[in-house]
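Participant: For reference, the file coords-v9.txt (compact mmCIF, N, CA and C atoms) is included below:
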# COMPACT_ATOMS: atom_id res chain seq x y z
N THR A 1 -204.86 132.42 -112.45
CA THR A 1 -204.32 133.08 -113.63
C THR A 1 -203.36 134.18 -113.22
N LEU A 2 -202.58 134.66 -114.17
CA LEU A 2 -201.63 135.72 -113.87
C LEU A 2 -202.34 137.00 -113.46
N GLU A 3 -203.54 137.21 -113.96
CA GLU A 3 -204.31 138.40 -113.59
C GLU A 3 -204.53 138.46 -112.08
N LEU A 4 -204.71 137.31 -111.46
CA LEU A 4 -204.96 137.26 -110.02
C LEU A 4 -203.73 137.56 -109.19
N ILE A 5 -202.54 137.31 -109.73
CA ILE A 5 -201.33 137.50 -108.93
C ILE A 5 -200.55 138.76 -109.28
N LYS A 6 -201.09 139.60 -110.14
CA LYS A 6 -200.35 140.80 -110.53
C LYS A 6 -200.13 141.76 -109.38
N ASP A 7 -200.94 141.68 -108.32
CA ASP A 7 -200.79 142.56 -107.17
C ASP A 7 -199.84 141.99 -106.12
N TYR A 8 -199.13 140.92 -106.45
CA TYR A 8 -198.24 140.26 -105.50
C TYR A 8 -196.83 140.15 -106.06
N THR A 9 -195.87 140.10 -105.15
CA THR A 9 -194.49 139.84 -105.55
C THR A 9 -194.04 138.56 -104.85
N ILE A 10 -193.09 137.88 -105.46
CA ILE A 10 -192.55 136.66 -104.87
C ILE A 10 -191.47 137.05 -103.87
N GLU A 11 -191.63 136.61 -102.63
CA GLU A 11 -190.65 136.89 -101.58
C GLU A 11 -189.65 135.75 -101.43
N HIS A 12 -190.13 134.51 -101.52
CA HIS A 12 -189.25 133.36 -101.32
C HIS A 12 -189.85 132.13 -102.00
N ILE A 13 -188.98 131.26 -102.50
CA ILE A 13 -189.39 129.99 -103.09
C ILE A 13 -188.62 128.88 -102.40
N ASP A 14 -189.34 127.88 -101.94
CA ASP A 14 -188.72 126.71 -101.30
C ASP A 14 -189.14 125.48 -102.09
N CYS A 15 -188.18 124.79 -102.66
CA CYS A 15 -188.46 123.65 -103.54
C CYS A 15 -187.75 122.40 -103.02
N THR A 16 -188.51 121.30 -102.95
CA THR A 16 -187.93 120.01 -102.61
C THR A 16 -188.18 119.07 -103.78
N VAL A 17 -187.12 118.49 -104.31
CA VAL A 17 -187.22 117.54 -105.42
C VAL A 17 -186.96 116.14 -104.85
N ILE A 18 -187.89 115.23 -105.09
CA ILE A 18 -187.77 113.86 -104.58
C ILE A 18 -187.54 112.94 -105.76
N LEU A 19 -186.38 112.27 -105.76
CA LEU A 19 -186.00 111.41 -106.87
C LEU A 19 -184.91 110.44 -106.44
N GLU A 20 -184.80 109.36 -107.16
CA GLU A 20 -183.74 108.39 -106.91
C GLU A 20 -182.50 108.71 -107.75
N GLN A 21 -182.70 108.98 -109.00
CA GLN A 21 -181.61 109.30 -109.93
C GLN A 21 -182.10 110.37 -110.89
N PRO A 22 -181.28 111.26 -111.36
CA PRO A 22 -179.86 111.45 -111.07
C PRO A 22 -179.69 112.19 -109.74
N LYS A 23 -178.52 112.12 -109.19
CA LYS A 23 -178.20 112.86 -107.98
C LYS A 23 -178.07 114.33 -108.35
N LEU A 24 -178.68 115.22 -107.57
CA LEU A 24 -178.72 116.65 -107.91
C LEU A 24 -177.67 117.49 -107.19
N GLN A 25 -176.82 116.86 -106.37
CA GLN A 25 -175.86 117.62 -105.56
C GLN A 25 -175.10 118.67 -106.36
N GLY A 26 -174.60 118.31 -107.49
CA GLY A 26 -173.80 119.24 -108.29
C GLY A 26 -174.60 120.25 -109.08
N TYR A 27 -175.92 120.17 -109.03
CA TYR A 27 -176.77 121.03 -109.85
C TYR A 27 -177.63 122.00 -109.05
N VAL A 28 -177.65 121.87 -107.72
CA VAL A 28 -178.55 122.67 -106.89
C VAL A 28 -178.31 124.17 -107.09
N SER A 29 -177.07 124.60 -107.11
CA SER A 29 -176.77 126.02 -107.29
C SER A 29 -177.25 126.53 -108.65
N ALA A 30 -177.02 125.76 -109.69
CA ALA A 30 -177.47 126.16 -111.03
C ALA A 30 -178.99 126.20 -111.11
N ILE A 31 -179.66 125.28 -110.44
CA ILE A 31 -181.13 125.28 -110.41
C ILE A 31 -181.63 126.53 -109.68
N ARG A 32 -181.00 126.87 -108.56
CA ARG A 32 -181.39 128.07 -107.82
C ARG A 32 -181.21 129.33 -108.65
N ILE A 33 -180.10 129.41 -109.37
CA ILE A 33 -179.85 130.57 -110.24
C ILE A 33 -180.92 130.65 -111.32
N SER A 34 -181.22 129.53 -111.93
CA SER A 34 -182.22 129.50 -113.00
C SER A 34 -183.59 129.95 -112.49
N ILE A 35 -184.00 129.44 -111.33
CA ILE A 35 -185.30 129.82 -110.77
C ILE A 35 -185.30 131.30 -110.39
N SER A 36 -184.23 131.77 -109.77
CA SER A 36 -184.19 133.18 -109.35
C SER A 36 -184.24 134.12 -110.55
N GLU A 37 -183.56 133.77 -111.63
CA GLU A 37 -183.60 134.60 -112.84
C GLU A 37 -184.98 134.55 -113.49
N ALA A 38 -185.58 133.38 -113.56
CA ALA A 38 -186.90 133.24 -114.18
C ALA A 38 -187.97 134.01 -113.41
N CYS A 39 -187.80 134.08 -112.09
CA CYS A 39 -188.81 134.74 -111.25
C CYS A 39 -188.41 136.17 -110.85
N SER A 40 -187.25 136.61 -111.29
CA SER A 40 -186.75 137.96 -110.98
C SER A 40 -186.69 138.22 -109.48
N ILE A 41 -186.11 137.26 -108.75
CA ILE A 41 -185.91 137.45 -107.32
C ILE A 41 -184.46 137.13 -107.00
N PRO A 42 -183.95 137.60 -105.87
CA PRO A 42 -182.55 137.32 -105.52
C PRO A 42 -182.30 135.83 -105.31
N PHE A 43 -181.11 135.40 -105.69
CA PHE A 43 -180.66 134.02 -105.53
C PHE A 43 -180.87 133.53 -104.10
N GLU A 44 -180.61 134.41 -103.14
CA GLU A 44 -180.71 134.05 -101.72
C GLU A 44 -182.14 133.75 -101.28
N HIS A 45 -183.11 134.12 -102.11
CA HIS A 45 -184.52 133.90 -101.76
C HIS A 45 -185.07 132.62 -102.38
N VAL A 46 -184.18 131.79 -102.89
CA VAL A 46 -184.58 130.51 -103.50
C VAL A 46 -183.87 129.38 -102.77
N SER A 47 -184.64 128.41 -102.31
CA SER A 47 -184.09 127.23 -101.64
C SER A 47 -184.45 125.99 -102.46
N VAL A 48 -183.46 125.15 -102.72
CA VAL A 48 -183.70 123.90 -103.45
C VAL A 48 -183.04 122.78 -102.66
N LYS A 49 -183.83 121.74 -102.36
CA LYS A 49 -183.32 120.57 -101.67
C LYS A 49 -183.66 119.33 -102.49
N ALA A 50 -182.78 118.36 -102.45
CA ALA A 50 -183.03 117.08 -103.13
C ALA A 50 -183.06 115.97 -102.10
N LYS A 51 -184.07 115.11 -102.22
CA LYS A 51 -184.20 113.98 -101.32
C LYS A 51 -184.49 112.72 -102.13
N THR A 52 -184.17 111.58 -101.53
CA THR A 52 -184.50 110.32 -102.19
C THR A 52 -185.89 109.87 -101.75
N ALA A 53 -186.44 108.92 -102.48
CA ALA A 53 -187.79 108.42 -102.22
C ALA A 53 -187.75 107.17 -101.36
N ASP A 54 -186.81 107.11 -100.44
CA ASP A 54 -186.67 105.93 -99.57
C ASP A 54 -187.99 105.56 -98.92
N GLY A 55 -188.39 104.32 -99.09
CA GLY A 55 -189.59 103.82 -98.45
C GLY A 55 -190.88 104.09 -99.19
N LEU A 56 -190.82 104.86 -100.26
CA LEU A 56 -192.05 105.14 -101.01
C LEU A 56 -192.32 104.03 -102.01
N LEU A 57 -193.58 103.76 -102.23
CA LEU A 57 -193.99 102.72 -103.17
C LEU A 57 -194.25 103.32 -104.54
N GLY A 58 -194.43 102.48 -105.49
CA GLY A 58 -194.81 102.91 -106.83
C GLY A 58 -193.64 103.41 -107.66
N GLU A 59 -193.98 104.16 -108.70
CA GLU A 59 -192.98 104.61 -109.66
C GLU A 59 -191.92 105.51 -109.03
N LEU A 60 -192.32 106.33 -108.06
CA LEU A 60 -191.35 107.22 -107.41
C LEU A 60 -190.31 106.41 -106.65
N GLY A 61 -190.74 105.42 -105.89
CA GLY A 61 -189.82 104.58 -105.13
C GLY A 61 -188.96 103.68 -106.00
N GLN A 62 -189.45 103.36 -107.21
CA GLN A 62 -188.70 102.53 -108.15
C GLN A 62 -187.74 103.34 -109.00
N GLY A 63 -187.74 104.67 -108.83
CA GLY A 63 -186.85 105.52 -109.62
C GLY A 63 -187.37 105.81 -111.01
N LEU A 64 -188.65 105.60 -111.24
CA LEU A 64 -189.24 105.83 -112.57
C LEU A 64 -189.92 107.19 -112.68
N ALA A 65 -189.98 107.92 -111.58
CA ALA A 65 -190.66 109.22 -111.58
C ALA A 65 -189.90 110.19 -110.67
N ILE A 66 -190.19 111.46 -110.85
CA ILE A 66 -189.62 112.53 -110.04
C ILE A 66 -190.77 113.39 -109.53
N MET A 67 -190.69 113.82 -108.26
CA MET A 67 -191.73 114.68 -107.70
C MET A 67 -191.07 115.95 -107.18
N ALA A 68 -191.74 117.07 -107.40
CA ALA A 68 -191.28 118.35 -106.86
C ALA A 68 -192.39 118.94 -106.00
N GLN A 69 -192.01 119.41 -104.82
CA GLN A 69 -192.93 120.10 -103.92
C GLN A 69 -192.39 121.51 -103.75
N VAL A 70 -193.24 122.50 -104.02
CA VAL A 70 -192.79 123.89 -103.99
C VAL A 70 -193.75 124.73 -103.15
N VAL A 71 -193.16 125.57 -102.31
CA VAL A 71 -193.93 126.54 -101.54
C VAL A 71 -193.42 127.92 -101.94
N VAL A 72 -194.35 128.82 -102.26
CA VAL A 72 -193.98 130.18 -102.68
C VAL A 72 -194.60 131.17 -101.70
N LEU A 73 -193.77 132.03 -101.13
CA LEU A 73 -194.25 133.08 -100.24
C LEU A 73 -194.49 134.33 -101.08
N LEU A 74 -195.73 134.80 -101.09
CA LEU A 74 -196.09 136.00 -101.85
C LEU A 74 -196.33 137.16 -100.91
N LYS A 75 -196.04 138.35 -101.37
CA LYS A 75 -196.29 139.56 -100.60
C LYS A 75 -197.14 140.49 -101.44
N HIS A 76 -198.20 141.02 -100.83
CA HIS A 76 -199.09 141.93 -101.55
C HIS A 76 -198.38 143.25 -101.80
N ARG A 77 -198.47 143.72 -103.04
CA ARG A 77 -197.89 145.02 -103.36
C ARG A 77 -198.76 146.10 -102.73
N GLN A 78 -198.15 146.99 -102.02
CA GLN A 78 -198.89 148.07 -101.36
C GLN A 78 -198.71 149.36 -102.16
N GLU A 79 -199.79 150.06 -102.31
CA GLU A 79 -199.69 151.39 -102.91
C GLU A 79 -199.02 152.30 -101.90
N PRO A 80 -198.13 153.18 -102.37
CA PRO A 80 -197.52 154.11 -101.41
C PRO A 80 -198.60 154.95 -100.73
N GLU A 81 -198.50 155.04 -99.42
CA GLU A 81 -199.50 155.81 -98.69
C GLU A 81 -199.33 157.28 -99.00
N GLU A 82 -200.47 157.92 -99.19
CA GLU A 82 -200.42 159.37 -99.39
C GLU A 82 -200.05 160.00 -98.06
N GLN A 83 -199.18 160.94 -98.12
CA GLN A 83 -198.74 161.58 -96.90
C GLN A 83 -199.52 162.88 -96.71
N SER A 84 -200.63 162.77 -96.04
CA SER A 84 -201.44 163.95 -95.79
C SER A 84 -200.88 164.70 -94.59
N PRO A 85 -201.02 166.01 -94.57
CA PRO A 85 -200.46 166.81 -93.45
C PRO A 85 -201.01 166.38 -92.10
N ASP A 86 -202.30 165.99 -92.02
CA ASP A 86 -202.86 165.66 -90.71
C ASP A 86 -202.43 164.27 -90.25
N ARG A 87 -201.74 163.53 -91.07
CA ARG A 87 -201.23 162.22 -90.66
C ARG A 87 -200.20 162.37 -89.55
N TRP A 88 -199.50 163.49 -89.56
CA TRP A 88 -198.41 163.69 -88.61
C TRP A 88 -198.85 164.45 -87.37
N LEU A 89 -200.12 164.78 -87.26
CA LEU A 89 -200.58 165.56 -86.09
C LEU A 89 -200.92 164.66 -84.93
Render the structure in this file as structure tokens.
Facilitator:
Amino acid sequence: TLELIKDYTIEHIDCTVILEQPKLQGYVSAIRISISEACSIPFEHVSVKAKTADGLLGELGQGLAIMAQVVVLLKHRQEPEEQSPDRWL
């Protein structure tokens, strides 16, 4: 749930879309922009790759389905450390 991830920020998103059609070459940049805006992270922190389903069986290999694999790197939000005087001794 969102309650569990409120203490984390998204550092990077890596997405691979596997499909036969349509070709995504002309849309990758727009997809990256859309994801970066939706997640409030810099465009440079979003990677999108498109691959074909060569050699796969079933609906994916027949071009009847699309699969997306996504990895998200999260970073724990840290509370600012209190700067006590004896910290510097």
Participant: One number please: atom CA of A:Gly61 to atom CA of A:Leu19, in Å, one decimal.
Facilitator: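 That distance, rounded to one decimal, is 8.0 Å.
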Participant: From the list A:Glu20, A:Ile66, A:Ile33, A:Gly58, which residue is nearest A:Val46 when using only C-alpha atoms?
Facilitator: A:Ile33
Participant: Please list as a list in words every residue within 6.5 Å of stretch 21-30 of chain A, counting all atoms listed in the file and excluding residues in the same chain fewer than 3 positions away.
Facilitator: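 Answer for this query is Ile33, Ser34, Ile35, Val48, Ala50 and Gly63 of chain A.
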Participant: Could you give me, as a list in words, the residues within 12 Å of A:Ile10, counting only C-alpha atoms and dropping anything in the same chain fewer than 5 positions from it?
Facilitator: Ile5, Ile35, Ser36, Ala38, Cys39, Ser40, Ile41, Pro42, His45, Val46, Val71, Val72, Leu73, Leu74, Lys75, His76 and Arg77 of chain A
Participant: Quick one: pull the distance between atom C of A:Val17 and atom C of A:Glu37, Å, one decimal.
Facilitator: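 One can read the atom C of A:Val17 to atom C of A:Glu37 distance as 20.4 Å.
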Participant: Determine which residues of stretch 6-72 of chain A DSSP labels as strand (DSSP E or B) from the backbone of this structure, then write them out as a list of chain:residue names.
Facilitator: A:Tyr8, A:Thr9, A:Ile10, A:Glu11, A:His12, A:Ile13, A:Asp14, A:Cys15, A:Thr16, A:Val17, A:Ile18, A:Val46, A:Ser47, A:Val48, A:Lys49, A:Ala50, A:Lys51, A:Met67, A:Ala68, A:Gln69, A:Val70, A:Val71, A:Val72
Participant: Give me the residues within 6 Å of A:Ile18 as a ChimeraX atom specification, counting all atoms listed in the file and dropping any in the same chain fewer than 3 places off.
Facilitator: /A:50-53,66-69
Participant: Please compute the atom CA of A:Val70-atom CA of A:Arg32 distance, one decimal, in Å.
Facilitator: 12.7 Å
Participant: For stretch 6-20 of chain A, I'd like the enclosing box, axis-aligned and padded by 8 Å on every side, reported as lines of an AutoDock Vina configuration file with centre and edge lengths in Å to one decimal.
Facilitator:
center_x = -191.8
center_y = 125.5
center_z = -105.9
size_x = 34.6
size_y = 50.2
size_z = 25.2
Participant: Where does DSSP see alpha helix (DSSP H) in chain A, if you list the residues as a count of residues only?
Facilitator: 20
Participant: Would you save chain A to a file, keeping C-alpha atoms, as a PDB file, in the first residue's frame?
Facilitator:
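So the final result, stored in selection29.pdb, reads:
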ATOM      1  CA  THR A   1       0.000   0.000   0.000  1.00  0.00           C
ATOM      2  CA  LEU A   2       1.019   3.625  -0.311  1.00  0.00           C
ATOM      3  CA  GLU A   3       1.272   3.820   3.468  1.00  0.00           C
ATOM      4  CA  LEU A   4       4.223   1.426   3.316  1.00  0.00           C
ATOM      5  CA  ILE A   5       6.168   3.463   0.754  1.00  0.00           C
ATOM      6  CA  LYS A   6       5.642   6.959   2.139  1.00  0.00           C
ATOM      7  CA  ASP A   7       9.119   6.856   3.711  1.00  0.00           C
ATOM      8  CA  TYR A   8      10.770   6.219   0.327  1.00  0.00           C
ATOM      9  CA  THR A   9      11.500   8.230  -2.785  1.00  0.00           C
ATOM     10  CA  ILE A  10      11.866   6.908  -6.314  1.00  0.00           C
ATOM     11  CA  GLU A  11      15.467   7.154  -7.505  1.00  0.00           C
ATOM     12  CA  HIS A  12      15.225   5.388 -10.869  1.00  0.00           C
ATOM     13  CA  ILE A  13      12.737   3.461 -13.014  1.00  0.00           C
ATOM     14  CA  ASP A  14      13.828   0.925 -15.626  1.00  0.00           C
ATOM     15  CA  CYS A  15      11.062  -0.382 -17.889  1.00  0.00           C
ATOM     16  CA  THR A  16      11.223  -2.983 -20.649  1.00  0.00           C
ATOM     17  CA  VAL A  17       8.170  -3.403 -22.882  1.00  0.00           C
ATOM     18  CA  ILE A  18       7.981  -6.662 -24.849  1.00  0.00           C
ATOM     19  CA  LEU A  19       5.665  -6.585 -27.853  1.00  0.00           C
ATOM     20  CA  GLU A  20       5.456  -7.356 -31.542  1.00  0.00           C
ATOM     21  CA  GLN A  21       3.311  -4.412 -32.633  1.00  0.00           C
ATOM     22  CA  PRO A  22       3.150  -1.415 -32.573  1.00  0.00           C
ATOM     23  CA  LYS A  23       6.781  -0.401 -32.822  1.00  0.00           C
ATOM     24  CA  LEU A  24       7.598   1.986 -29.949  1.00  0.00           C
ATOM     25  CA  GLN A  25      10.714   3.660 -31.406  1.00  0.00           C
ATOM     26  CA  GLY A  26       8.994   6.982 -31.977  1.00  0.00           C
ATOM     27  CA  TYR A  27       7.240   6.965 -28.594  1.00  0.00           C
ATOM     28  CA  VAL A  28       9.995   6.089 -26.103  1.00  0.00           C
ATOM     29  CA  SER A  29      10.816   9.714 -25.264  1.00  0.00           C
ATOM     30  CA  ALA A  30       7.143  10.613 -24.742  1.00  0.00           C
ATOM     31  CA  ILE A  31       6.670   7.539 -22.536  1.00  0.00           C
ATOM     32  CA  ARG A  32       9.705   8.532 -20.442  1.00  0.00           C
ATOM     33  CA  ILE A  33       8.359  12.064 -20.035  1.00  0.00           C
ATOM     34  CA  SER A  34       4.942  10.749 -19.017  1.00  0.00           C
ATOM     35  CA  ILE A  35       6.410   8.368 -16.427  1.00  0.00           C
ATOM     36  CA  SER A  36       8.782  10.997 -15.026  1.00  0.00           C
ATOM     37  CA  GLU A  37       5.954  13.518 -14.630  1.00  0.00           C
ATOM     38  CA  ALA A  38       3.598  10.964 -13.070  1.00  0.00           C
ATOM     39  CA  CYS A  39       6.272   9.913 -10.562  1.00  0.00           C
ATOM     40  CA  SER A  40       7.748  13.399 -10.005  1.00  0.00           C
ATOM     41  CA  ILE A  41      11.288  12.343 -10.874  1.00  0.00           C
ATOM     42  CA  PRO A  42      13.741  13.720 -13.442  1.00  0.00           C
ATOM     43  CA  PHE A  43      13.408  12.506 -17.034  1.00  0.00           C
ATOM     44  CA  GLU A  44      17.004  11.249 -16.879  1.00  0.00           C
ATOM     45  CA  HIS A  45      16.036   8.819 -14.094  1.00  0.00           C
ATOM     46  CA  VAL A  46      13.603   6.915 -16.320  1.00  0.00           C
ATOM     47  CA  SER A  47      14.710   4.246 -18.786  1.00  0.00           C
ATOM     48  CA  VAL A  48      12.327   2.685 -21.316  1.00  0.00           C
ATOM     49  CA  LYS A  49      13.325  -0.065 -23.739  1.00  0.00           C
ATOM     50  CA  ALA A  50      11.201  -1.913 -26.278  1.00  0.00           C
ATOM     51  CA  LYS A  51      11.921  -5.458 -27.376  1.00  0.00           C
ATOM     52  CA  THR A  52      10.183  -7.989 -29.579  1.00  0.00           C
ATOM     53  CA  ALA A  53       8.947 -11.359 -28.340  1.00  0.00           C
ATOM     54  CA  ASP A  54      11.129 -13.330 -30.747  1.00  0.00           C
ATOM     55  CA  GLY A  55      11.016 -17.004 -29.892  1.00  0.00           C
ATOM     56  CA  LEU A  56       8.328 -16.718 -27.236  1.00  0.00           C
ATOM     57  CA  LEU A  57       5.279 -18.939 -27.418  1.00  0.00           C
ATOM     58  CA  GLY A  58       1.669 -18.106 -26.766  1.00  0.00           C
ATOM     59  CA  GLU A  59      -0.181 -14.831 -27.118  1.00  0.00           C
ATOM     60  CA  LEU A  60       2.933 -12.703 -26.574  1.00  0.00           C
ATOM     61  CA  GLY A  61       4.832 -14.408 -29.404  1.00  0.00           C
ATOM     62  CA  GLN A  62       1.768 -14.207 -31.668  1.00  0.00           C
ATOM     63  CA  GLY A  63       1.507 -10.439 -31.150  1.00  0.00           C
ATOM     64  CA  LEU A  64      -1.764 -10.709 -29.218  1.00  0.00           C
ATOM     65  CA  ALA A  65      -0.383  -9.467 -25.898  1.00  0.00           C
ATOM     66  CA  ILE A  66       2.086  -6.956 -24.474  1.00  0.00           C
ATOM     67  CA  MET A  67       4.297  -7.471 -21.413  1.00  0.00           C
ATOM     68  CA  ALA A  68       6.045  -4.829 -19.323  1.00  0.00           C
ATOM     69  CA  GLN A  69       8.835  -5.548 -16.851  1.00  0.00           C
ATOM     70  CA  VAL A  70       9.679  -2.715 -14.472  1.00  0.00           C
ATOM     71  CA  VAL A  71      12.345  -2.309 -11.809  1.00  0.00           C
ATOM     72  CA  VAL A  72      12.098   0.650  -9.424  1.00  0.00           C
ATOM     73  CA  LEU A  73      15.007   1.768  -7.246  1.00  0.00           C
ATOM     74  CA  LEU A  74      13.732   3.269  -3.993  1.00  0.00           C
ATOM     75  CA  LYS A  75      15.691   5.297  -1.471  1.00  0.00           C
ATOM     76  CA  HIS A  76      14.686   5.602   2.167  1.00  0.00           C
ATOM     77  CA  ARG A  77      13.972   9.158   3.238  1.00  0.00           C
ATOM     78  CA  GLN A  78      16.325  10.079   6.043  1.00  0.00           C
ATOM     79  CA  GLU A  79      15.441  12.481   8.784  1.00  0.00           C
ATOM     80  CA  PRO A  80      18.002  15.277   8.964  1.00  0.00           C
ATOM     81  CA  GLU A  81      20.503  14.393  11.643  1.00  0.00           C
ATOM     82  CA  GLU A  82      20.442  16.619  14.652  1.00  0.00           C
ATOM     83  CA  GLN A  83      23.705  18.421  14.904  1.00  0.00           C
ATOM     84  CA  SER A  84      24.666  18.108  18.523  1.00  0.00           C
ATOM     85  CA  PRO A  85      27.764  19.994  19.718  1.00  0.00           C
ATOM     86  CA  ASP A  86      29.527  16.801  20.855  1.00  0.00           C
ATOM     87  CA  ARG A  87      29.155  15.305  17.368  1.00  0.00           C
ATOM     88  CA  TRP A  88      32.092  17.420  16.255  1.00  0.00           C
ATOM     89  CA  LEU A  89      34.395  16.608  19.186  1.00  0.00           C
TER      90      LEU A  89
END
